[in-house]
$ cat target20.cif   # mmCIF, C-alpha atoms
data_structure
#
loop_
_atom_site.group_PDB
_atom_site.id
_atom_site.type_symbol
_atom_site.label_atom_id
_atom_site.label_comp_id
_atom_site.auth_asym_id
_atom_site.auth_seq_id
_atom_site.Cartn_x
_atom_site.Cartn_y
_atom_site.Cartn_z
ATOM 1 C CA MET A 8 0.000 0.000 0.000
ATOM 2 C CA ASP A 9 1.117 3.582 -0.603
ATOM 3 C CA ALA A 10 3.128 4.676 2.464
ATOM 4 C CA GLN A 11 1.407 8.038 2.831
ATOM 5 C CA LEU A 12 -2.048 6.474 2.642
ATOM 6 C CA LYS A 13 -1.125 3.739 5.102
ATOM 7 C CA ARG A 14 0.213 6.281 7.601
ATOM 8 C CA GLY A 15 -3.066 8.173 7.579
ATOM 9 C CA LEU A 16 -5.074 4.985 7.961
ATOM 10 C CA LEU A 17 -2.978 3.778 10.904
ATOM 11 C CA ASP A 18 -3.625 7.092 12.685
ATOM 12 C CA ILE A 19 -7.345 6.446 12.345
ATOM 13 C CA CYS A 20 -6.937 2.848 13.549
ATOM 14 C CA VAL A 21 -5.188 3.971 16.724
ATOM 15 C CA LEU A 22 -7.792 6.686 17.357
ATOM 16 C CA ALA A 23 -10.570 4.138 16.847
ATOM 17 C CA ALA A 24 -8.857 1.777 19.312
ATOM 18 C CA ILE A 25 -9.073 4.376 22.112
ATOM 19 C CA LYS A 26 -12.399 5.872 21.083
ATOM 20 C CA ASP A 27 -14.718 4.001 23.451
ATOM 21 C CA GLU A 28 -12.397 3.767 26.432
ATOM 22 C CA ASP A 29 -8.862 4.762 27.313
ATOM 23 C CA SER A 30 -6.312 2.156 26.344
ATOM 24 C CA TYR A 31 -2.589 1.425 26.656
ATOM 25 C CA GLY A 32 0.102 0.525 24.138
ATOM 26 C CA TYR A 33 0.053 -3.259 24.319
ATOM 27 C CA ARG A 34 -3.730 -3.419 24.267
ATOM 28 C CA ILE A 35 -3.934 -1.127 21.223
ATOM 29 C CA ILE A 36 -1.605 -3.455 19.325
ATOM 30 C CA LYS A 37 -3.585 -6.508 20.441
ATOM 31 C CA ASP A 38 -6.941 -4.952 19.584
ATOM 32 C CA LEU A 39 -5.732 -4.006 16.112
ATOM 33 C CA LYS A 40 -4.002 -7.321 15.419
ATOM 34 C CA PRO A 41 -6.953 -9.049 13.654
ATOM 35 C CA TYR A 42 -7.210 -6.078 11.305
ATOM 36 C CA VAL A 43 -3.764 -4.591 10.866
ATOM 37 C CA GLU A 44 -0.255 -5.556 11.950
ATOM 38 C CA LEU A 45 1.383 -2.756 13.928
ATOM 39 C CA SER A 46 4.886 -2.844 15.411
ATOM 40 C CA GLU A 47 5.733 -1.242 18.740
ATOM 41 C CA SER A 48 8.046 1.304 17.118
ATOM 42 C CA THR A 49 5.406 2.310 14.601
ATOM 43 C CA LEU A 50 2.822 2.681 17.352
ATOM 44 C CA TYR A 51 5.172 4.920 19.320
ATOM 45 C CA THR A 52 5.585 7.243 16.357
ATOM 46 C CA ILE A 53 1.835 7.352 15.719
ATOM 47 C CA LEU A 54 1.021 8.071 19.368
ATOM 48 C CA LYS A 55 3.575 10.889 19.445
ATOM 49 C CA ARG A 56 2.168 12.371 16.255
ATOM 50 C CA LEU A 57 -1.419 12.165 17.499
ATOM 51 C CA GLU A 58 -0.434 13.666 20.849
ATOM 52 C CA GLY A 59 1.403 16.491 19.062
ATOM 53 C CA GLY A 60 -1.659 17.106 16.923
ATOM 54 C CA GLY A 61 -3.912 17.330 19.985
ATOM 55 C CA MET A 62 -5.855 14.197 19.001
ATOM 56 C CA LEU A 63 -5.152 12.426 22.267
ATOM 57 C CA THR A 64 -3.832 13.026 25.759
ATOM 58 C CA VAL A 65 -1.616 10.771 27.866
ATOM 59 C CA ARG A 66 -1.744 9.990 31.555
ATOM 60 C CA SER A 67 0.313 7.619 33.646
ATOM 61 C CA ALA A 68 -1.533 5.345 36.021
ATOM 62 C CA GLU A 69 -0.254 2.727 38.400
ATOM 63 C CA HIS A 70 -0.876 -0.852 37.411
ATOM 64 C CA ASP A 71 0.423 -3.837 39.329
ATOM 65 C CA GLY A 72 3.125 -1.807 41.050
ATOM 66 C CA ARG A 73 4.407 -0.162 37.872
ATOM 67 C CA LEU A 74 3.419 2.806 35.752
ATOM 68 C CA ARG A 75 1.463 2.362 32.572
ATOM 69 C CA LYS A 76 0.568 5.072 30.084
ATOM 70 C CA TYR A 77 -3.076 5.400 29.138
ATOM 71 C CA TYR A 78 -4.196 7.240 26.035
ATOM 72 C CA HIS A 79 -7.403 9.267 25.986
ATOM 73 C CA ILE A 80 -9.031 10.558 22.795
ATOM 74 C CA THR A 81 -9.806 14.303 22.590
ATOM 75 C CA GLN A 82 -12.638 16.066 20.801
ATOM 76 C CA ALA A 83 -10.264 16.735 17.889
ATOM 77 C CA GLY A 84 -9.524 13.013 17.698
ATOM 78 C CA VAL A 85 -13.215 12.105 17.568
ATOM 79 C CA LEU A 86 -13.655 14.715 14.851
ATOM 80 C CA ARG A 87 -10.780 13.180 12.895
ATOM 81 C CA ILE A 88 -12.570 9.798 12.873
ATOM 82 C CA GLU A 89 -15.754 11.499 11.645
ATOM 83 C CA GLU A 90 -13.783 13.183 8.854
ATOM 84 C CA PHE A 91 -12.380 9.824 7.877
ATOM 85 C CA LYS A 92 -15.881 8.365 7.605
ATOM 86 C CA GLU A 93 -16.838 11.172 5.257
ATOM 87 C CA ASP A 94 -13.646 10.713 3.211
ATOM 88 C CA TRP A 95 -14.346 7.018 3.024
ATOM 89 C CA LYS A 96 -17.703 7.563 1.342
ATOM 90 C CA GLU A 97 -15.886 9.507 -1.356
ATOM 91 C CA ILE A 98 -13.255 6.799 -1.763
ATOM 92 C CA GLU A 99 -16.013 4.193 -1.935
ATOM 93 C CA SER A 100 -17.735 5.965 -4.809
ATOM 94 C CA ILE A 101 -14.410 6.383 -6.648
ATOM 95 C CA TYR A 102 -13.822 2.662 -6.172
ATOM 96 C CA GLN A 103 -17.254 1.885 -7.601
ATOM 97 C CA PHE A 104 -16.388 4.005 -10.621
ATOM 98 C CA VAL A 105 -13.031 2.244 -11.150
ATOM 99 C CA MET A 106 -14.643 -1.185 -10.913
ATOM 100 C CA ARG A 107 -17.377 -0.212 -13.353
ATOM 101 C CA GLU A 108 -14.686 0.701 -15.923
ATOM 102 C CA GLU A 109 -13.028 -2.656 -15.407
ATOM 103 C CA LYS A 110 -16.268 -4.573 -15.858
ATOM 104 C CA GLN A 111 -16.839 -2.875 -19.194
ATOM 105 C CA HIS A 112 -13.444 -4.060 -20.453
ATOM 106 C CA GLU A 113 -14.134 -7.687 -19.585
ATOM 107 C CA MET B 9 18.073 -11.604 25.957
ATOM 108 C CA ASN B 10 16.234 -10.345 29.022
ATOM 109 C CA LYS B 11 14.473 -7.028 29.492
ATOM 110 C CA ARG B 12 17.391 -5.306 31.194
ATOM 111 C CA GLU B 13 19.883 -6.332 28.504
ATOM 112 C CA PHE B 14 17.484 -5.290 25.771
ATOM 113 C CA LEU B 15 16.852 -1.830 27.215
ATOM 114 C CA GLN B 16 20.571 -1.358 27.936
ATOM 115 C CA SER B 17 21.392 -2.245 24.347
ATOM 116 C CA VAL B 18 18.817 0.203 22.949
ATOM 117 C CA GLU B 19 20.057 2.878 25.342
ATOM 118 C CA ASN B 20 23.659 2.411 24.177
ATOM 119 C CA GLY B 21 22.598 2.586 20.564
ATOM 120 C CA LEU B 22 20.724 5.823 21.156
ATOM 121 C CA SER B 23 23.361 7.633 23.201
ATOM 122 C CA GLY B 24 23.849 11.063 21.713
ATOM 123 C CA LEU B 25 20.114 11.648 21.286
ATOM 124 C CA PRO B 26 18.410 14.010 23.742
ATOM 125 C CA ARG B 27 18.153 12.341 27.158
ATOM 126 C CA GLU B 28 14.420 13.013 27.281
ATOM 127 C CA ASP B 29 13.830 11.160 23.975
ATOM 128 C CA ILE B 30 15.804 8.163 25.204
ATOM 129 C CA GLU B 31 13.933 8.007 28.523
ATOM 130 C CA GLN B 32 10.563 8.105 26.792
ATOM 131 C CA ARG B 33 11.503 5.366 24.356
ATOM 132 C CA LEU B 34 12.912 3.149 27.093
ATOM 133 C CA SER B 35 9.847 3.521 29.302
ATOM 134 C CA PHE B 36 7.607 2.771 26.310
ATOM 135 C CA TYR B 37 9.475 -0.437 25.411
ATOM 136 C CA GLY B 38 9.770 -1.388 29.085
ATOM 137 C CA GLU B 39 6.003 -1.098 29.501
ATOM 138 C CA MET B 40 5.458 -3.160 26.341
ATOM 139 C CA ILE B 41 7.694 -5.951 27.637
ATOM 140 C CA ASP B 42 6.008 -5.931 31.054
ATOM 141 C CA ASP B 43 2.566 -6.098 29.427
ATOM 142 C CA ARG B 44 3.640 -9.017 27.258
ATOM 143 C CA ILE B 45 4.941 -10.877 30.289
ATOM 144 C CA GLU B 46 1.677 -10.184 32.116
ATOM 145 C CA ASP B 47 -0.122 -11.625 29.075
ATOM 146 C CA GLY B 48 1.642 -14.962 29.590
ATOM 147 C CA PHE B 49 4.814 -14.661 27.541
ATOM 148 C CA SER B 50 8.184 -15.521 29.049
ATOM 149 C CA GLU B 51 10.601 -12.619 29.439
ATOM 150 C CA GLU B 52 12.735 -13.885 26.531
ATOM 151 C CA GLU B 53 9.696 -14.225 24.258
ATOM 152 C CA ALA B 54 8.392 -10.822 25.242
ATOM 153 C CA VAL B 55 11.709 -9.196 24.333
ATOM 154 C CA ALA B 56 12.108 -11.178 21.103
ATOM 155 C CA GLY B 57 8.615 -10.175 19.969
ATOM 156 C CA ILE B 58 9.567 -6.508 19.958
ATOM 157 C CA GLY B 59 12.514 -6.939 17.590
ATOM 158 C CA THR B 60 16.271 -6.702 17.821
ATOM 159 C CA PRO B 61 17.798 -3.619 19.505
ATOM 160 C CA ALA B 62 19.712 -2.876 16.279
ATOM 161 C CA GLU B 63 16.499 -2.716 14.213
ATOM 162 C CA ILE B 64 14.797 -0.521 16.766
ATOM 163 C CA VAL B 65 17.764 1.829 17.089
ATOM 164 C CA ALA B 66 18.014 2.169 13.296
ATOM 165 C CA GLN B 67 14.332 3.047 13.013
ATOM 166 C CA ILE B 68 14.476 5.597 15.838
ATOM 167 C CA ILE B 69 17.535 7.310 14.349
ATOM 168 C CA GLU B 70 15.848 7.478 10.977
ATOM 169 C CA GLU B 71 12.811 9.142 12.561
ATOM 170 C CA THR B 72 14.805 11.694 14.550
ATOM 171 C CA PRO B 73 15.508 14.870 12.550
ATOM 172 C CA LEU B 74 19.190 15.665 12.017
ATOM 173 C CA PRO B 75 19.041 19.204 13.555
ATOM 174 C CA ARG B 76 17.701 17.708 16.803
ATOM 175 C CA ILE B 77 20.618 15.270 16.944
ATOM 176 C CA ILE B 78 23.219 17.944 16.237
ATOM 177 C CA ARG B 79 21.732 20.430 18.701
ATOM 178 C CA GLU B 80 21.946 17.801 21.431
ATOM 179 C CA ARG B 81 25.509 16.976 20.478
ATOM 180 C CA VAL B 82 26.661 20.593 20.457
ATOM 181 C CA ARG B 83 25.070 21.525 23.775
ATOM 182 C CA PRO B 84 27.637 21.292 26.601
ATOM 183 C CA LYS B 85 26.831 18.608 29.180
ATOM 184 C CA ARG B 86 27.929 20.843 32.069
ATOM 185 C CA LYS B 87 28.718 24.471 32.709
ATOM 186 C CA LEU B 88 31.951 25.508 31.006
ATOM 187 C CA GLY B 89 34.826 26.836 33.121
ATOM 188 C CA ALA B 90 36.403 30.248 32.481
ATOM 189 C CA LEU B 91 39.539 28.660 31.016
ATOM 190 C CA GLU B 92 37.481 26.533 28.647
ATOM 191 C CA ILE B 93 35.549 29.547 27.452
ATOM 192 C CA ILE B 94 38.789 31.470 26.852
ATOM 193 C CA LEU B 95 40.217 28.492 24.934
ATOM 194 C CA LEU B 96 37.023 28.202 22.914
ATOM 195 C CA VAL B 97 37.202 31.874 21.980
ATOM 196 C CA LEU B 98 40.923 31.771 21.220
ATOM 197 C CA GLY B 99 40.530 28.582 19.218
ATOM 198 C CA SER B 100 37.493 29.847 17.350
ATOM 199 C CA PRO B 101 39.400 30.654 14.117
ATOM 200 C CA VAL B 102 40.383 26.990 13.986
ATOM 201 C CA TRP B 103 37.244 25.135 15.095
ATOM 202 C CA ILE B 104 34.811 27.435 13.326
ATOM 203 C CA ALA B 105 36.775 26.923 10.118
ATOM 204 C CA ILE B 106 36.775 23.143 10.579
ATOM 205 C CA ALA B 107 33.070 23.029 11.401
ATOM 206 C CA ALA B 108 32.275 25.280 8.448
ATOM 207 C CA SER B 109 34.275 23.123 6.050
ATOM 208 C CA LEU B 110 32.616 19.936 7.301
ATOM 209 C CA PHE B 111 29.250 21.601 6.807
ATOM 210 C CA ALA B 112 30.325 22.743 3.334
ATOM 211 C CA VAL B 113 31.361 19.191 2.406
ATOM 212 C CA VAL B 114 27.914 17.894 3.346
ATOM 213 C CA VAL B 115 26.169 20.676 1.431
ATOM 214 C CA LEU B 116 28.424 19.972 -1.565
ATOM 215 C CA LEU B 117 27.603 16.270 -1.481
ATOM 216 C CA TYR B 118 23.916 17.122 -1.661
ATOM 217 C CA ALA B 119 24.509 19.747 -4.342
ATOM 218 C CA VAL B 120 26.546 17.382 -6.527
ATOM 219 C CA LEU B 121 23.903 14.669 -6.243
ATOM 220 C CA TRP B 122 21.110 16.984 -7.284
ATOM 221 C CA ALA B 123 23.213 18.810 -9.883
ATOM 222 C CA LEU B 124 23.787 15.513 -11.701
ATOM 223 C CA THR B 125 20.084 14.830 -11.948
ATOM 224 C CA ILE B 126 19.315 18.427 -12.900
ATOM 225 C CA VAL B 127 21.862 18.215 -15.728
ATOM 226 C CA LEU B 128 20.210 15.082 -17.084
ATOM 227 C CA TRP B 129 16.787 16.770 -16.995
ATOM 228 C CA ALA B 130 18.251 19.874 -18.669
ATOM 229 C CA VAL B 131 19.699 17.768 -21.476
ATOM 230 C CA PHE B 132 16.336 16.045 -21.856
ATOM 231 C CA ILE B 133 14.511 19.388 -22.092
ATOM 232 C CA SER B 134 16.976 20.824 -24.614
ATOM 233 C CA LEU B 135 16.745 17.677 -26.763
ATOM 234 C CA ILE B 136 12.976 17.770 -26.825
ATOM 235 C CA ALA B 137 12.965 21.529 -27.475
ATOM 236 C CA GLY B 138 15.508 21.044 -30.266
ATOM 237 C CA GLY B 139 13.436 18.218 -31.683
ATOM 238 C CA ILE B 140 10.253 20.282 -31.750
ATOM 239 C CA GLY B 141 12.158 23.222 -33.257
ATOM 240 C CA ALA B 142 13.660 21.036 -35.998
ATOM 241 C CA LEU B 143 10.239 19.542 -36.709
ATOM 242 C CA ALA B 144 8.672 22.985 -37.105
ATOM 243 C CA LEU B 145 11.521 24.257 -39.298
ATOM 244 C CA GLY B 146 11.413 21.084 -41.381
ATOM 245 C CA ILE B 147 7.682 21.444 -42.045
ATOM 246 C CA LEU B 148 8.204 25.116 -42.866
ATOM 247 C CA ALA B 149 11.007 24.223 -45.318
ATOM 248 C CA LEU B 150 8.865 21.564 -46.989
ATOM 249 C CA CYS B 151 5.991 24.025 -47.373
ATOM 250 C CA ARG B 152 8.363 26.455 -49.051
ATOM 251 C CA GLY B 153 9.440 23.750 -51.479
ATOM 252 C CA GLU B 154 12.932 23.291 -50.018
ATOM 253 C CA ILE B 155 12.616 19.504 -50.087
ATOM 254 C CA PRO B 156 16.220 18.392 -49.216
ATOM 255 C CA GLN B 157 16.582 20.893 -46.352
ATOM 256 C CA GLY B 158 13.120 19.993 -45.062
ATOM 257 C CA LEU B 159 13.827 16.263 -45.088
ATOM 258 C CA ALA B 160 17.180 16.773 -43.370
ATOM 259 C CA LEU B 161 15.493 18.831 -40.631
ATOM 260 C CA LEU B 162 12.758 16.240 -40.160
ATOM 261 C CA GLY B 163 15.444 13.580 -39.834
ATOM 262 C CA CYS B 164 17.185 15.653 -37.179
ATOM 263 C CA ALA B 165 13.887 16.082 -35.365
ATOM 264 C CA LEU B 166 13.388 12.314 -35.283
ATOM 265 C CA VAL B 167 16.914 11.698 -33.961
ATOM 266 C CA LEU B 168 16.528 14.388 -31.269
ATOM 267 C CA CYS B 169 13.145 13.074 -30.118
ATOM 268 C CA GLY B 170 14.517 9.531 -30.072
ATOM 269 C CA LEU B 171 17.451 10.614 -27.918
ATOM 270 C CA SER B 172 15.146 12.571 -25.614
ATOM 271 C CA ILE B 173 13.133 9.432 -24.834
ATOM 272 C CA PHE B 174 16.368 7.719 -23.856
ATOM 273 C CA LEU B 175 17.358 10.718 -21.709
ATOM 274 C CA PHE B 176 13.939 10.795 -20.045
ATOM 275 C CA PHE B 177 14.418 7.310 -18.607
ATOM 276 C CA ALA B 178 18.022 8.098 -17.634
ATOM 277 C CA ALA B 179 16.928 11.280 -15.807
ATOM 278 C CA LYS B 180 14.055 9.489 -14.098
ATOM 279 C CA GLY B 181 16.385 6.743 -12.928
ATOM 280 C CA ALA B 182 18.950 9.256 -11.714
ATOM 281 C CA THR B 183 16.317 11.167 -9.722
ATOM 282 C CA LYS B 184 15.238 7.984 -8.015
ATOM 283 C CA GLY B 185 18.852 7.037 -7.329
ATOM 284 C CA ALA B 186 19.669 10.478 -5.942
ATOM 285 C CA ALA B 187 16.683 10.303 -3.579
ATOM 286 C CA ILE B 188 17.918 6.959 -2.238
ATOM 287 C CA LEU B 189 21.479 8.280 -1.860
ATOM 288 C CA VAL B 190 20.261 11.406 -0.037
ATOM 289 C CA LYS B 191 18.413 9.157 2.417
ATOM 290 C CA LYS B 192 21.522 7.000 2.904
ATOM 291 C CA LEU B 193 23.657 10.113 3.340
ATOM 292 C CA ALA B 194 21.328 11.381 6.067
ATOM 293 C CA ARG B 195 21.536 8.021 7.827
ATOM 294 C CA GLY B 196 25.322 8.062 7.558
ATOM 295 C CA ILE B 197 25.643 11.572 8.950
ATOM 296 C CA LYS B 198 23.293 10.791 11.832
ATOM 297 C CA SER B 199 25.242 7.660 12.742
ATOM 298 C CA LEU B 200 28.333 9.851 13.167
ATOM 299 C CA PHE B 201 26.596 11.513 16.093
ATOM 300 C CA VAL B 202 24.544 8.741 17.657
ATOM 301 C CA GLY B 203 25.490 5.575 19.460
ATOM 302 C CA LYS B 204 29.255 5.941 19.300
ATOM 303 C CA GLU B 205 29.865 6.755 22.944
ATOM 304 C CA ARG B 206 29.198 3.860 25.252
ATOM 305 C CA SER B 207 27.283 5.037 28.291
ATOM 306 C CA ALA B 208 29.195 4.033 31.378
#

$ encode --input "target20.cif" --output "C-alpha cells"
Amino acid sequence: MDAQLKRGLLDICVLAAIKDEDSYGYRIIKDLKPYVELSESTLYTILKRLEGGGMLTVRSAEHDGRLRKYYHITQAGVLRIEEFKEDWKEIESIYQFVMREEKQHE
Amino acid sequence: MNKREFLQSVENGLSGLPREDIEQRLSFYGEMIDDRIEDGFSEEEAVAGIGTPAEIVAQIIEETPLPRIIRERVRPKRKLGALEIILLVLGSPVWIAIAASLFAVVVLLYAVLWALTIVLWAVFISLIAGGIGALALGILALCRGEIPQGLALLGCALVLCGLSIFLFFAAKGATKGAAILVKKLARGIKSLFVGKERSA
C-alpha cells in the first residue's frame, strides 16, 4: 500500500482503538491485530504524532506496582474519525467508478 | 536476551540523542515488555517479539531529525569553566573553520547529487525543445518547397526526439537514485553523532 495512505489509515486505527475507552500501548496493538499488523516502534511514532496534533492526551496510572501510560481521545480526535468516515464515502464511490470501468473491459 | 539487557542495548545505541527522547523510548518499550509478560509470555519471548535492539535503534535514528541530533551533540553537558571559554574563543578561528568546512562538504555532497540529476533533466529538455524546433523548421522548409533541407530537418527532429526518450528514462532513474542516496547520506551523517559513545 502507498506509504502516505497507510500512515493516515494507521492514525485512524489507533484513534478508533481508544475511542470508546482509554487504552494502553500493548492493548492497542492486540486490539488491532486481527485487522492490521502494527509494530511497537510504529505505534510509538503514531502516538507521538497524534499527541502532538492534539488528538489524544496521555496519563500515567499505576498498574500492578508499575506505571502504565493510558491514552485518551480528545474532541479533535473524535472529529478526525468522523472526517475519515466522510472521506471514506468519497473513496467508496471512486472505487465503484473504477470497478465499473473494469467490468466494461471484460 | 532479558528485558534489562534489551533496554541497555537500545540505550547504548541511542546515546547522543536528547536524554528526554531516550527516557521516553525506554519507558515505552519497558512497559510493552512488562505487558507481554503479564499476558503470559516468558521474558525472553516478550523481548524477542519486539525486535532486535539494532532494528529498533536504526528506526528511531531514521525518525529523529538531524538538527535535533546535532543540537543535542553541540550543547555542553555541564557548565563551562572560564579557562574553557577562553580556549574556545581563542581557538574559534580553527574550530569554526573546521566546522564550516565539514558543513560545506555535506552541502556539496547534496549539491553534486542533485546537480547531476538536474543536468540530465536539462539535457532532456533541450533535446525535446531542439526536436520540436527542428520539426517545425522542417515542415516550414517543406511548405516552401525546399525539399532536401526539409527532409534533413525532419530527420534531425526524429533523432533528437529519439534521444530525448532515452534521456527521459536516464533522468528518471537518476532522480530515483539520488533520492535513495540522499536518504543513505542522512543516515550516515546521523550515525556519526549517535550511538558511538558507550554510556558508562

$ residues_around --input "target20.cif" --residues "Leu54 in chain A" --least-positions-apart "6" --cutoff "12 Å" --atoms "all atoms listed in the file" --output "compact mmCIF listing (two decimals) with C-alpha atoms, in the frame of the given file"
# COMPACT_ATOMS: atom_id res chain seq x y z
CA ARG A 14 0.21 6.28 7.60
CA LEU A 17 -2.98 3.78 10.90
CA ASP A 18 -3.62 7.09 12.68
CA ILE A 19 -7.34 6.45 12.34
CA CYS A 20 -6.94 2.85 13.55
CA VAL A 21 -5.19 3.97 16.72
CA LEU A 22 -7.79 6.69 17.36
CA ALA A 24 -8.86 1.78 19.31
CA ILE A 25 -9.07 4.38 22.11
CA SER A 30 -6.31 2.16 26.34
CA TYR A 31 -2.59 1.42 26.66
CA GLY A 32 0.10 0.52 24.14
CA ILE A 35 -3.93 -1.13 21.22
CA ILE A 36 -1.60 -3.46 19.32
CA GLU A 47 5.73 -1.24 18.74
CA SER A 48 8.05 1.30 17.12
CA GLY A 60 -1.66 17.11 16.92
CA GLY A 61 -3.91 17.33 19.98
CA MET A 62 -5.86 14.20 19.00
CA LEU A 63 -5.15 12.43 22.27
CA THR A 64 -3.83 13.03 25.76
CA VAL A 65 -1.62 10.77 27.87
CA LYS A 76 0.57 5.07 30.08
CA TYR A 77 -3.08 5.40 29.14
CA TYR A 78 -4.20 7.24 26.04
CA HIS A 79 -7.40 9.27 25.99
CA ILE A 80 -9.03 10.56 22.80
CA GLY A 84 -9.52 13.01 17.70
CA ARG B 33 11.50 5.37 24.36
CA PHE B 36 7.61 2.77 26.31

$ closest_residue --input "target20.cif" --among "B:Ile188, B:Ile58, B:Ile77, B:Ile133" --to "chain A" --atoms "all atoms listed in the file"
B:Ile58

$ closest_atom_pairs --input "target20.cif" --of "chain B" --to "chain A" --cutoff "10 Å" --atoms "all atoms listed in the file" --output "tab-separated table"
residue	atom	partner	partner_atom	distance
B:Gln32	CA	A:Tyr51	CA	9.7
B:Arg33	CA	A:Tyr51	CA	8.1
B:Ser35	CA	A:Arg75	CA	9.1
B:Phe36	CA	A:Tyr51	CA	7.7
B:Tyr37	CA	A:Glu47	CA	7.7
B:Gly38	CA	A:Arg75	CA	9.8
B:Glu39	CA	A:Arg75	CA	6.5
B:Met40	CA	A:Tyr33	CA	5.8
B:Ile41	CA	A:Tyr33	CA	8.8
B:Asp42	CA	A:Arg73	CA	9.1
B:Asp43	CA	A:Tyr33	CA	6.4
B:Arg44	CA	A:Tyr33	CA	7.4
B:Glu46	CA	A:Asp71	CA	9.7
B:Asp47	CA	A:Tyr33	CA	9.6
B:Gly57	CA	A:Ser46	CA	9.4
B:Ile58	CA	A:Glu47	CA	6.6
B:Gly59	CA	A:Ser46	CA	8.9
B:Glu63	CA	A:Ser48	CA	9.8
B:Ile64	CA	A:Ser48	CA	7.0
B:Val65	CA	A:Ser48	CA	9.7
B:Gln67	CA	A:Ser48	CA	7.7
B:Ile68	CA	A:Ser48	CA	7.8
B:Glu71	CA	A:Thr52	CA	8.4

$ write_last_selection --input "target20.cif" --atoms "C-alpha atoms" --output "compact mmCIF listing (two decimals), in the coordinates of the input"
# COMPACT_ATOMS: atom_id res chain seq x y z
CA GLN B 32 10.56 8.10 26.79
CA ARG B 33 11.50 5.37 24.36
CA SER B 35 9.85 3.52 29.30
CA PHE B 36 7.61 2.77 26.31
CA TYR B 37 9.48 -0.44 25.41
CA GLY B 38 9.77 -1.39 29.08
CA GLU B 39 6.00 -1.10 29.50
CA MET B 40 5.46 -3.16 26.34
CA ILE B 41 7.69 -5.95 27.64
CA ASP B 42 6.01 -5.93 31.05
CA ASP B 43 2.57 -6.10 29.43
CA ARG B 44 3.64 -9.02 27.26
CA GLU B 46 1.68 -10.18 32.12
CA ASP B 47 -0.12 -11.62 29.08
CA GLY B 57 8.62 -10.18 19.97
CA ILE B 58 9.57 -6.51 19.96
CA GLY B 59 12.51 -6.94 17.59
CA GLU B 63 16.50 -2.72 14.21
CA ILE B 64 14.80 -0.52 16.77
CA VAL B 65 17.76 1.83 17.09
CA GLN B 67 14.33 3.05 13.01
CA ILE B 68 14.48 5.60 15.84
CA GLU B 71 12.81 9.14 12.56

$ atom_distance --input "target20.cif" --atom1 "CA of Pro73 in chain B" --atom2 "CA of Arg195 in chain B"
10.3 Å

$ atom_distance --input "target20.cif" --atom1 "CA of Asp38 in chain A" --atom2 "CA of Gln11 in chain A"
22.8 Å

$ atom_distance --input "target20.cif" --atom1 "CA of Ser100 in chain A" --atom2 "CA of Leu12 in chain A"
17.4 Å

$ closest_residue --input "target20.cif" --among "B:Leu193, B:Leu98, B:Ile78, B:Ala187" --to "Thr125 in chain B" --atoms "all atoms listed in the file"
B:Ala187

$ resolve_selection --input "target20.cif" --expression "the PyMOL selection byres ((chain B and resi 21-25) around 7)" --output "mmCIF file with C-alpha atoms, keeping the file's coordinate frame"
data_model
loop_
_atom_site.group_PDB
_atom_site.id
_atom_site.type_symbol
_atom_site.label_atom_id
_atom_site.label_comp_id
_atom_site.auth_asym_id
_atom_site.auth_seq_id
_atom_site.Cartn_x
_atom_site.Cartn_y
_atom_site.Cartn_z
ATOM 1 C CA SER B 17 21.392 -2.245 24.347
ATOM 2 C CA VAL B 18 18.817 0.203 22.949
ATOM 3 C CA GLU B 19 20.057 2.878 25.342
ATOM 4 C CA ASN B 20 23.659 2.411 24.177
ATOM 5 C CA PRO B 26 18.410 14.010 23.742
ATOM 6 C CA ARG B 27 18.153 12.341 27.158
ATOM 7 C CA ASP B 29 13.830 11.160 23.975
ATOM 8 C CA ILE B 30 15.804 8.163 25.204
ATOM 9 C CA VAL B 65 17.764 1.829 17.089
ATOM 10 C CA ILE B 77 20.618 15.270 16.944
ATOM 11 C CA GLU B 80 21.946 17.801 21.431
ATOM 12 C CA ARG B 81 25.509 16.976 20.478
ATOM 13 C CA PHE B 201 26.596 11.513 16.093
ATOM 14 C CA VAL B 202 24.544 8.741 17.657
ATOM 15 C CA GLY B 203 25.490 5.575 19.460
ATOM 16 C CA GLU B 205 29.865 6.755 22.944
ATOM 17 C CA SER B 207 27.283 5.037 28.291
#

$ residues_around --input "target20.cif" --residues "Ala182 in chain B" --least-positions-apart "4" --cutoff "8 Å" --atoms "only C-alpha atoms" --output "VMD selection string"
chain B and resid 124 to 125 178 186

$ closest_residue --input "target20.cif" --among "A:Leu16, A:Glu89, A:Ala83, A:His112" --to "Leu45 in chain A" --atoms "only C-alpha atoms"
A:Leu16

$ residues_around --input "target20.cif" --residues "range 139-156 of chain B" --least-positions-apart "6" --cutoff "10 Å" --atoms "all atoms listed in the file" --output "mmCIF file with C-alpha atoms, keeping the file's coordinate frame"
data_model
loop_
_atom_site.group_PDB
_atom_site.id
_atom_site.type_symbol
_atom_site.label_atom_id
_atom_site.label_comp_id
_atom_site.auth_asym_id
_atom_site.auth_seq_id
_atom_site.Cartn_x
_atom_site.Cartn_y
_atom_site.Cartn_z
ATOM 1 C CA ILE B 133 14.511 19.388 -22.092
ATOM 2 C CA LEU B 162 12.758 16.240 -40.160
ATOM 3 C CA GLY B 163 15.444 13.580 -39.834
ATOM 4 C CA CYS B 164 17.185 15.653 -37.179
ATOM 5 C CA ALA B 165 13.887 16.082 -35.365
ATOM 6 C CA LEU B 166 13.388 12.314 -35.283
ATOM 7 C CA VAL B 167 16.914 11.698 -33.961
ATOM 8 C CA LEU B 168 16.528 14.388 -31.269
ATOM 9 C CA CYS B 169 13.145 13.074 -30.118
ATOM 10 C CA GLY B 170 14.517 9.531 -30.072
ATOM 11 C CA LEU B 171 17.451 10.614 -27.918
ATOM 12 C CA SER B 172 15.146 12.571 -25.614
#
